[in-house]
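Trainee: Have a look at the structure that comes next, please.
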Amino acid sequence: MESMNAFDIVRLPGIIFGAGRIAELPEIIRSYGSHALIITGGESLKKSGQWDALAVMLDKAGIKYNTLSVREEPATELIDIIAGEYRQTPVNVVAAVGGGSAIDCGKAVAAMLRESGSVKDYLEGVGIKKPAGAKVPFIAVPTTAGTGSEATKNAVICDRKEGYKKSLRHDAYMPDVALIDPGLTLTLPRHITAACGFDAFSQLIESYTSTKANVFTDSLALKAISLVAESLPGLVFEDNNDIVRRGKMSYAAMVSGITLSYAGLGAVHGMAGPLGGLIAVPHGIVCGKLLFPVMSFVVKKIIEEKNAAVRKRFADIGRLFINDQDHDDVFYCRQFLDVLQKWTHALKFPPLSRFGMKAADMEKTVLLGDSKNSPAVLSKEEMKIILEMIR
């Protein structure tokens, strides 16, 4: 019988979930004050007309607000510029309406408005200062279904000059409110839906099979994986505007943020982090490229080591993709890999060389990469083989 890992649940955001609930954002902002800093993603929110409708509601609510647009993953320099500009401005609340990059940016800005100096000073593995945990109230409104940043206590910040992606982390940095309206994801193109979906999918798989997994995260992750199985292929290959499927993916992405916060991740993200700091590639594409080859090595090791408890976890996932329940765990582990291989082949994520990955980037990724909380540790040679496969 598998033992139960101990766990602590420090806090979760206030979660508001459902189609059409974006209409509640002005009143939520108003509950914190009348001066807001709103950070959005690229142009998709405005092109869809959703921003115009939201702006009307904000004006009716008497909210004074400034807006900023974040088009790429938030960089240290950007966070410092924004925080420096708005520290002397009345800001009662920060709201981020966008994908993971916009939410991470908003989360970091909300924190740095109450800190001094550069965000670099507080990044894990970079700075020497510990965040105090004070922040401006922060509201996360995802317009994609991927990173789960609306339910995490860290903001991932990159520095292209130094070549890293690191976290600004504190329990208090969990968003005060996560407003999740699946309707905001309806305008996502199929390729972005696929990349974001694989980000959430990989986070759920890695947290469910993590050495730090616990009964709390297990109960959330396995159900969310089943929702990805039910919804992601249909959104990518069939009806991209199915609000029911969009709702399932939005929920799964949110859950992936919760489970990664309390169970950790594995070798996919242990390699994706360093790689994403070196080249400007969307995180979801990196996860999409890494998931199958990494899991192939991990599952093979688990089967060879006859690790029954972990083998059962991968089998639990494999059973979600097939109605036949009359086989042993090894069969369902292989079923899991078969599904990953088919999905990866069908989605046709581009090779990473298209984003400028070179041999030197691969060497540095191998040097910096780790297996995090994976139940099977990848060797440096195995990491090198995987990177060659996705190049």
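Convention: chains lettered A, B, ... in structure tokens order; per-chain residue numbering from 1; ligands numbered from 1 as shown.
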So which residues of stretch 23-234 of chain A fall under strand (DSSP E or B) by DSSP, listed as JSON, numbers by chain?
Mentor: {"A": [35, 36, 37, 38, 39, 40, 64, 65, 66, 67, 68, 69, 75, 93, 94, 95, 96, 97, 98, 138, 139, 140, 141, 142, 154, 155, 156, 157, 158, 159, 164, 165, 166, 167, 168, 169, 177, 178, 179, 180]}
Trainee: Name all residues at most 9 Å from stretch 342-346 of chain A (count only C-alpha atoms; drop same-chain ones fewer than 3 positions away) and give them as an MDAnalysis selection string.
Mentor: chainID A and resid 233 288:289 291:292 337:339 349
Trainee: Tell me, in Å to one decimal, how far atom CA of A:Lys153 is from atom CA of A:Met271.
Mentor: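 That distance, rounded to one decimal, is 20.8 Å.
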Trainee: Calculated over only C-alpha atoms, which of the candidates A:Gly18, A:Gly42, A:Gly148, A:Gly84 has the smallest distance to A:Pro175?
Mentor: A:Gly148
Trainee: Calculated over only C-alpha atoms, which of the candidates A:Gly318, A:Lys348, A:Ser374, A:Met362 has the smallest distance to A:Val268?
Mentor: A:Ser374
Trainee: Could you give me, as number ranges by chain, the residues within 12 Å of A:Glu381, counting only C-alpha atoms and dropping anything in the same chain fewer than 2 positions from it?
Mentor: A: 297, 362-363, 365-367, 369-370, 377-379, 383-388
Trainee: Once you have the residues from the selection above, write them out as a short mmCIF file (atom, residue, chain, number, x, y, z; two decimals), in the first residue's frame, restricted to C-alpha atoms.
Mentor:
```cif
data_model
loop_
_atom_site.label_atom_id
_atom_site.label_comp_id
_atom_site.auth_asym_id
_atom_site.auth_seq_id
_atom_site.Cartn_x
_atom_site.Cartn_y
_atom_site.Cartn_z
CA PHE A 297 12.60 7.60 -20.67
CA MET A 362 21.66 22.38 -25.85
CA GLU A 363 24.93 21.95 -23.98
CA THR A 365 20.51 23.15 -21.01
CA VAL A 366 22.05 19.75 -20.24
CA LEU A 367 24.40 21.40 -17.76
CA GLY A 369 18.77 20.90 -16.40
CA ASP A 370 17.53 18.59 -13.67
CA VAL A 377 16.07 10.75 -12.73
CA LEU A 378 17.33 11.48 -16.24
CA SER A 379 21.06 11.29 -16.85
CA MET A 383 18.88 14.80 -21.65
CA LYS A 384 21.25 15.27 -24.55
CA ILE A 385 19.48 12.56 -26.56
CA ILE A 386 16.10 14.18 -25.86
CA LEU A 387 17.30 17.60 -26.99
CA GLU A 388 18.65 16.08 -30.20
#
```
Trainee: Considering only C-alpha atoms, return as a compact mmCIF listing (two decimals) with N, CA, C and O atoms, in the first residue's frame whatever protein or nucleic-acid residues lie within 12 Å of stretch 213-219 of chain A, sequence-local ones (same chain, fewer than 3 positions apart) excluded.
Mentor:
```txt
# COMPACT_ATOMS: atom_id res chain seq x y z
N GLU A 2 0.57 2.19 -0.89
CA GLU A 2 1.35 3.41 -1.00
C GLU A 2 1.09 4.31 0.20
O GLU A 2 -0.06 4.53 0.60
N SER A 3 2.16 4.84 0.79
CA SER A 3 2.01 5.73 1.93
C SER A 3 1.54 7.11 1.48
O SER A 3 1.66 7.46 0.30
N MET A 4 1.01 7.89 2.41
CA MET A 4 0.51 9.23 2.09
C MET A 4 1.55 10.27 2.50
O MET A 4 1.93 10.35 3.66
N ASN A 5 2.01 11.06 1.53
CA ASN A 5 2.94 12.15 1.83
C ASN A 5 2.25 13.22 2.67
O ASN A 5 1.06 13.51 2.49
N ALA A 6 3.01 13.82 3.56
CA ALA A 6 2.49 14.96 4.32
C ALA A 6 2.40 16.18 3.41
O ALA A 6 3.10 16.28 2.41
N PHE A 7 1.50 17.11 3.73
CA PHE A 7 1.40 18.32 2.93
C PHE A 7 0.81 19.46 3.75
O PHE A 7 0.16 19.23 4.77
N ASP A 8 1.09 20.68 3.32
CA ASP A 8 0.52 21.90 3.90
C ASP A 8 -0.14 22.69 2.78
O ASP A 8 0.46 22.87 1.72
N ILE A 9 -1.34 23.15 3.00
CA ILE A 9 -2.01 24.05 2.06
C ILE A 9 -2.02 25.43 2.69
O ILE A 9 -2.76 25.69 3.64
N GLN A 203 2.01 19.77 -16.82
CA GLN A 203 2.04 20.12 -15.40
C GLN A 203 1.20 19.15 -14.58
O GLN A 203 1.58 18.75 -13.48
N LEU A 204 0.06 18.77 -15.12
CA LEU A 204 -0.80 17.82 -14.41
C LEU A 204 -0.16 16.44 -14.32
O LEU A 204 -0.18 15.81 -13.26
N ILE A 205 0.43 15.99 -15.41
CA ILE A 205 1.09 14.68 -15.42
C ILE A 205 2.25 14.67 -14.44
O ILE A 205 2.42 13.74 -13.64
N GLU A 206 3.07 15.73 -14.50
CA GLU A 206 4.25 15.76 -13.64
C GLU A 206 3.89 15.92 -12.16
O GLU A 206 4.57 15.36 -11.30
N SER A 207 2.85 16.65 -11.86
CA SER A 207 2.47 16.80 -10.45
C SER A 207 1.81 15.53 -9.93
O SER A 207 2.01 15.16 -8.76
N TYR A 208 1.07 14.82 -10.78
CA TYR A 208 0.44 13.57 -10.34
C TYR A 208 1.47 12.47 -10.09
O TYR A 208 1.30 11.63 -9.21
N THR A 209 2.55 12.48 -10.86
CA THR A 209 3.58 11.45 -10.73
C THR A 209 4.79 11.94 -9.93
O THR A 209 5.79 11.24 -9.82
N SER A 210 4.71 13.13 -9.36
CA SER A 210 5.81 13.72 -8.59
C SER A 210 6.09 12.92 -7.32
O SER A 210 5.19 12.32 -6.71
N LEU A 222 -5.78 14.05 -11.27
CA LEU A 222 -6.25 12.96 -12.14
C LEU A 222 -7.55 13.35 -12.83
O LEU A 222 -7.73 13.08 -14.03
N LYS A 223 -8.45 13.98 -12.12
CA LYS A 223 -9.70 14.44 -12.75
C LYS A 223 -9.40 15.47 -13.83
O LYS A 223 -10.00 15.44 -14.92
N ALA A 224 -8.47 16.39 -13.55
CA ALA A 224 -8.14 17.42 -14.54
C ALA A 224 -7.50 16.80 -15.78
O ALA A 224 -7.76 17.25 -16.91
N ILE A 225 -6.67 15.78 -15.61
CA ILE A 225 -6.09 15.09 -16.77
C ILE A 225 -7.20 14.48 -17.62
O ILE A 225 -7.16 14.54 -18.86
N SER A 226 -8.20 13.92 -16.98
CA SER A 226 -9.32 13.34 -17.74
C SER A 226 -10.07 14.41 -18.53
O SER A 226 -10.54 14.17 -19.65
N VAL A 255 -6.27 24.03 -12.26
CA VAL A 255 -5.88 22.96 -11.35
C VAL A 255 -4.39 22.65 -11.49
O VAL A 255 -3.71 22.37 -10.50
N SER A 256 -3.86 22.73 -12.71
CA SER A 256 -2.44 22.45 -12.90
C SER A 256 -1.58 23.44 -12.11
O SER A 256 -0.50 23.09 -11.63
N GLY A 257 -2.05 24.66 -12.00
CA GLY A 257 -1.34 25.65 -11.19
C GLY A 257 -1.36 25.29 -9.71
O GLY A 257 -0.35 25.42 -9.01
N ILE A 258 -2.50 24.82 -9.23
CA ILE A 258 -2.61 24.42 -7.82
C ILE A 258 -1.73 23.21 -7.54
O ILE A 258 -0.97 23.19 -6.56
N THR A 259 -1.80 22.20 -8.41
CA THR A 259 -1.06 20.97 -8.13
C THR A 259 0.45 21.17 -8.25
O THR A 259 1.21 20.58 -7.48
N LEU A 260 0.90 21.99 -9.20
CA LEU A 260 2.34 22.22 -9.30
C LEU A 260 2.84 22.99 -8.07
O LEU A 260 3.98 22.82 -7.64
N SER A 261 1.98 23.85 -7.51
CA SER A 261 2.39 24.62 -6.33
C SER A 261 2.59 23.72 -5.12
O SER A 261 3.44 24.00 -4.27
N TYR A 262 1.82 22.63 -5.04
CA TYR A 262 1.85 21.80 -3.84
C TYR A 262 2.43 20.40 -4.05
O TYR A 262 2.56 19.65 -3.08
N ALA A 263 2.78 20.06 -5.29
CA ALA A 263 3.43 18.76 -5.53
C ALA A 263 4.71 18.90 -6.34
O ALA A 263 5.50 17.97 -6.38
N GLY A 264 4.90 20.03 -6.97
CA GLY A 264 6.10 20.22 -7.78
C GLY A 264 5.97 19.60 -9.17
O GLY A 264 4.95 19.01 -9.51
N LEU A 265 7.02 19.74 -9.95
CA LEU A 265 7.04 19.26 -11.33
C LEU A 265 8.21 18.31 -11.53
O LEU A 265 8.93 17.98 -10.59
N GLY A 266 8.41 17.88 -12.80
CA GLY A 266 9.43 16.88 -13.07
C GLY A 266 10.43 17.30 -14.13
O GLY A 266 10.71 18.49 -14.32
N ALA A 309 4.39 1.29 -7.13
CA ALA A 309 3.57 2.44 -6.74
C ALA A 309 3.56 3.52 -7.81
O ALA A 309 2.49 4.06 -8.16
N VAL A 310 4.73 3.83 -8.36
CA VAL A 310 4.80 4.86 -9.40
C VAL A 310 4.23 4.32 -10.72
O VAL A 310 3.56 5.04 -11.46
N ARG A 313 0.70 4.92 -10.92
CA ARG A 313 0.31 6.30 -11.20
C ARG A 313 0.26 6.55 -12.72
O ARG A 313 -0.67 7.17 -13.22
N ASP A 316 -2.71 4.79 -14.05
CA ASP A 316 -3.95 5.53 -13.79
C ASP A 316 -4.24 6.51 -14.93
O ASP A 316 -5.39 6.67 -15.36
N ILE A 317 -3.18 7.17 -15.39
CA ILE A 317 -3.35 8.12 -16.50
C ILE A 317 -3.69 7.37 -17.77
O ILE A 317 -4.60 7.76 -18.52
N ASN A 373 11.23 16.80 -9.39
CA ASN A 373 10.58 15.78 -8.56
C ASN A 373 10.11 14.58 -9.37
O ASN A 373 9.18 13.88 -8.97
N SER A 374 10.77 14.33 -10.48
CA SER A 374 10.43 13.17 -11.31
C SER A 374 10.69 11.88 -10.53
O SER A 374 11.68 11.79 -9.80
N PRO A 375 9.85 10.88 -10.68
CA PRO A 375 10.09 9.60 -9.99
C PRO A 375 11.25 8.81 -10.58
O PRO A 375 11.69 7.83 -9.99
```
Trainee: Mind the document's chain letters and residue numbers, and return as a ChimeraX atom specification the residues of stretch 94-335 of chain A that DSSP labels helix (DSSP H, G or I).
Mentor: /A:100-112,119-122,149-151,171-173,182-185,190-208,215-237,243-263,267-278,283-304,308-319,329-335
Trainee: Residues at most 12 Å from A:Val330, counting only C-alpha atoms, excluding those fewer than 3 positions away in the same chain, as number ranges by chain?
Mentor: A: 299-304, 306-319, 326-327, 333-337
Trainee: From the list A:Leu186, A:Glu77, A:Lys165, A:Gly146, which residue is nearest A:Ala272 when using only C-alpha atoms?
Mentor: A:Lys165
Trainee: Please provide the set of residues having any atom within 12 Å of A:Tyr32, restricted to only C-alpha atoms, with same-chain residues fewer than 2 positions apart removed, written as a PyMOL selection string.
Mentor: chain A and resi 25-30+34-37+63+91-95+136-139+176-177
Trainee: In Å, with one decimal, what is the gap from atom CA of A:His170 to atom CA of A:Arg87?
Mentor: 20.0 Å
Trainee: Do a neighbour search on A:Pro282 at 10 Å with only C-alpha atoms, toss out local chain neighbours closer than 2 positions, and write the hits as a PDB file with N, CA and C atoms, in the first residue's frame.
Mentor:
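What landed in part_27.pdb:
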```
ATOM      1  N   GLU A  72       5.498  39.527 -24.658  1.00  0.00           N
ATOM      2  CA  GLU A  72       6.426  38.409 -24.522  1.00  0.00           C
ATOM      3  C   GLU A  72       6.554  38.020 -23.056  1.00  0.00           C
ATOM      4  N   GLU A  73       7.309  36.960 -22.788  1.00  0.00           N
ATOM      5  CA  GLU A  73       7.539  36.568 -21.405  1.00  0.00           C
ATOM      6  C   GLU A  73       8.165  37.729 -20.635  1.00  0.00           C
ATOM      7  N   SER A 101       2.130  34.966 -19.479  1.00  0.00           N
ATOM      8  CA  SER A 101       3.130  36.030 -19.422  1.00  0.00           C
ATOM      9  C   SER A 101       2.564  37.288 -18.778  1.00  0.00           C
ATOM     10  N   ILE A 192      -2.269  27.978 -30.670  1.00  0.00           N
ATOM     11  CA  ILE A 192      -2.043  28.467 -29.309  1.00  0.00           C
ATOM     12  C   ILE A 192      -2.822  27.613 -28.311  1.00  0.00           C
ATOM     13  N   ALA A 195      -0.636  24.505 -27.814  1.00  0.00           N
ATOM     14  CA  ALA A 195       0.577  24.737 -27.027  1.00  0.00           C
ATOM     15  C   ALA A 195       0.242  24.987 -25.560  1.00  0.00           C
ATOM     16  N   CYS A 196      -0.740  25.841 -25.304  1.00  0.00           N
ATOM     17  CA  CYS A 196      -1.137  26.111 -23.923  1.00  0.00           C
ATOM     18  C   CYS A 196      -1.693  24.845 -23.266  1.00  0.00           C
ATOM     19  N   ASP A 199       1.005  22.616 -22.103  1.00  0.00           N
ATOM     20  CA  ASP A 199       1.627  23.146 -20.891  1.00  0.00           C
ATOM     21  C   ASP A 199       0.856  22.641 -19.672  1.00  0.00           C
ATOM     22  N   GLY A 276      14.124  27.682 -21.935  1.00  0.00           N
ATOM     23  CA  GLY A 276      13.346  28.890 -22.176  1.00  0.00           C
ATOM     24  C   GLY A 276      14.078  30.161 -21.815  1.00  0.00           C
ATOM     25  N   ILE A 279      16.566  30.648 -25.166  1.00  0.00           N
ATOM     26  CA  ILE A 279      15.986  31.005 -26.461  1.00  0.00           C
ATOM     27  C   ILE A 279      14.552  31.489 -26.267  1.00  0.00           C
ATOM     28  N   ALA A 280      14.115  32.368 -27.141  1.00  0.00           N
ATOM     29  CA  ALA A 280      12.771  32.946 -27.051  1.00  0.00           C
ATOM     30  C   ALA A 280      11.771  32.017 -27.724  1.00  0.00           C
ATOM     31  N   GLY A 284       4.784  26.686 -23.884  1.00  0.00           N
ATOM     32  CA  GLY A 284       3.917  25.571 -24.239  1.00  0.00           C
ATOM     33  C   GLY A 284       4.486  24.714 -25.352  1.00  0.00           C
ATOM     34  N   ILE A 285       5.179  25.338 -26.292  1.00  0.00           N
ATOM     35  CA  ILE A 285       5.807  24.575 -27.377  1.00  0.00           C
ATOM     36  C   ILE A 285       6.952  23.731 -26.833  1.00  0.00           C
ATOM     37  N   VAL A 286       7.739  24.291 -25.918  1.00  0.00           N
ATOM     38  CA  VAL A 286       8.817  23.507 -25.306  1.00  0.00           C
ATOM     39  C   VAL A 286       8.236  22.287 -24.599  1.00  0.00           C
ATOM     40  N   CYS A 287       7.169  22.493 -23.835  1.00  0.00           N
ATOM     41  CA  CYS A 287       6.531  21.371 -23.139  1.00  0.00           C
ATOM     42  C   CYS A 287       5.975  20.361 -24.140  1.00  0.00           C
ATOM     43  N   PHE A 355      13.379  28.317 -33.519  1.00  0.00           N
ATOM     44  CA  PHE A 355      13.420  29.429 -32.565  1.00  0.00           C
ATOM     45  C   PHE A 355      14.855  29.815 -32.219  1.00  0.00           C
TER      46      PHE A 355
END
```
Trainee: Between atom CA of A:Tyr86 and atom CA of A:Arg114, measure the distance and give it in Å to one decimal.
Mentor: 10.5 Å
Trainee: Calculated over only C-alpha atoms, which of the candidates A:Ile322, A:Leu54, A:Ile103, A:Leu290 has the smallest distance to A:Pro350?
Mentor: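 Answer, going by the shortest atom-to-atom distance: A:Leu290.
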